[in-house]
Amino acid sequence: MKSPSRLPSGFTLIELLVVIAIIAVLMGVIMPALNRAREMGKRTVCLNNTKSLALAWTLYCSEYDGKMPPAQGSATAGWVRMLTGTYQITPTEAPVPEQLAAIRDGDLYRFANAEKIYRCPVAKRNEMRTYSASPSLNGYESSAGGPVVKNLNELKQLSRRIVFIDDFGENWDAMWYIFYNEPRWWNPVPMRHGAGTVASFTDVHAEFRAWKDSRTIEYARMSWLQAETSRGSAPPQPGNEDLRWAQTAVWGKLGYEFQP
């Protein structure tokens, strides 16, 4: 009786197939864990970035007797400068040097002078700034918005008030707006690092918020352009806990009665 044919390495064909199958199984187990670990590492970088920006924001307030930097970027002022002209409403289409110059011209750059902390590590290659400021902290007054505070000394519950949030790079004025007086989103809902976003608070801590409501996730899966163009026709989302969290963290309270 002939012995089983052996490969040059000394393995039989069956033995080699068994080894390959074991490796495939191990890869199937290990790769998801590695991907999760890699994503957690990127989330940690994003948390550190937003925390660094919150610290810079606090240092600015301390130097100016509590006065906050403008939340909304403009051509001449703002925590970052807004691009003007051709790229005003399409900032991610601007050449990288122009995007970086807008960061360096901002009021916070003196306190946070590393361009990389203005950008989420999973942002698109052409996005140099992906973080946006809260409109309630020296933003603009609006009938759809809530109370705006301009001095840090007037602010209460520092640990509950968002100052920066991981946002779309297309958000041209670098301020993430949300309704105050009704259960409705305004700017598109950011979603990175899984089904959620990163935000930093005025006490200089940062956290990841996982979106839980299916309506939030559906809206967040839209592109910036899709969400912006459908904003006027988007229905309210009563009972959305994600929305309540975001509105409360931005404005400090709700301008309507929440009904679960």
# chains A, B, ... in the order shown; residues from 1 in each chain; ligands from 1
call {"tool": "residues_around", "arguments": {"residues": "Gly252 of chain A", "least_positions_apart": "3", "cutoff": "10 Å", "atoms": "only C-alpha atoms", "output": "number ranges by chain"}}
result
A: 136, 146-148, 155-158, 160-162, 180, 245-249, 255
call {"tool": "write_last_selection", "arguments": {"atoms": "C-alpha atoms", "output": "mmCIF file, in the first residue's frame"}}
result
data_model
loop_
_atom_site.group_PDB
_atom_site.id
_atom_site.type_symbol
_atom_site.label_atom_id
_atom_site.label_comp_id
_atom_site.auth_asym_id
_atom_site.auth_seq_id
_atom_site.Cartn_x
_atom_site.Cartn_y
_atom_site.Cartn_z
ATOM 1 C CA SER A 136 -24.599 78.728 23.091
ATOM 2 C CA GLY A 146 -31.639 79.090 23.194
ATOM 3 C CA PRO A 147 -29.848 81.338 25.685
ATOM 4 C CA VAL A 148 -26.361 82.433 24.597
ATOM 5 C CA LEU A 155 -21.885 79.530 33.019
ATOM 6 C CA LYS A 156 -23.229 76.865 35.364
ATOM 7 C CA GLN A 157 -22.832 73.071 35.307
ATOM 8 C CA LEU A 158 -19.530 73.099 33.431
ATOM 9 C CA ARG A 160 -22.674 69.232 31.244
ATOM 10 C CA ARG A 161 -22.075 71.896 28.608
ATOM 11 C CA ILE A 162 -20.534 70.964 25.269
ATOM 12 C CA TYR A 180 -33.703 74.749 21.286
ATOM 13 C CA TRP A 245 -29.070 64.903 25.294
ATOM 14 C CA ALA A 246 -27.576 67.047 22.522
ATOM 15 C CA GLN A 247 -29.948 69.982 23.052
ATOM 16 C CA THR A 248 -29.428 69.954 26.809
ATOM 17 C CA ALA A 249 -25.657 69.667 26.459
ATOM 18 C CA GLY A 255 -37.053 75.070 25.356
#
call {"tool": "closest_atom_pairs", "arguments": {"of": "segment 154-204 of chain A", "to": "segment 80-100 of chain A", "cutoff": "12 Å", "atoms": "only C-alpha atoms", "output": "JSON lines"}}
result
{"residue": "A:Phe168", "atom": "CA", "partner": "A:Thr92", "partner_atom": "CA", "distance": 9.6}
{"residue": "A:Gly169", "atom": "CA", "partner": "A:Thr92", "partner_atom": "CA", "distance": 6.3}
{"residue": "A:Glu170", "atom": "CA", "partner": "A:Thr92", "partner_atom": "CA", "distance": 5.9}
{"residue": "A:Asn171", "atom": "CA", "partner": "A:Ile89", "partner_atom": "CA", "distance": 7.8}
{"residue": "A:Trp172", "atom": "CA", "partner": "A:Ile89", "partner_atom": "CA", "distance": 5.3}
{"residue": "A:Asp173", "atom": "CA", "partner": "A:Met82", "partner_atom": "CA", "distance": 5.9}
{"residue": "A:Ala174", "atom": "CA", "partner": "A:Val80", "partner_atom": "CA", "distance": 7.3}
{"residue": "A:Met175", "atom": "CA", "partner": "A:Val80", "partner_atom": "CA", "distance": 10.0}
call {"tool": "closest_residue", "arguments": {"among": "A:Met40, A:Cys120, A:Val189, A:Leu108", "to": "Thr216 of chain A", "atoms": "only C-alpha atoms"}}
result
A:Val189
call {"tool": "residues_around", "arguments": {"residues": "Gln237 of chain A", "least_positions_apart": "4", "cutoff": "9 Å", "atoms": "only C-alpha atoms", "output": "ChimeraX atom specification"}}
result
/A:182-185,215-216,243
call {"tool": "select_by_dssp", "arguments": {"residues": "segment 5-234 of chain A", "states": "helix (DSSP H, G or I)", "output": "number ranges by chain"}}
result
A: 13-63, 85-87, 91-93, 96-104, 115-118, 152-154, 158-160, 214-220, 224-229, 231-233
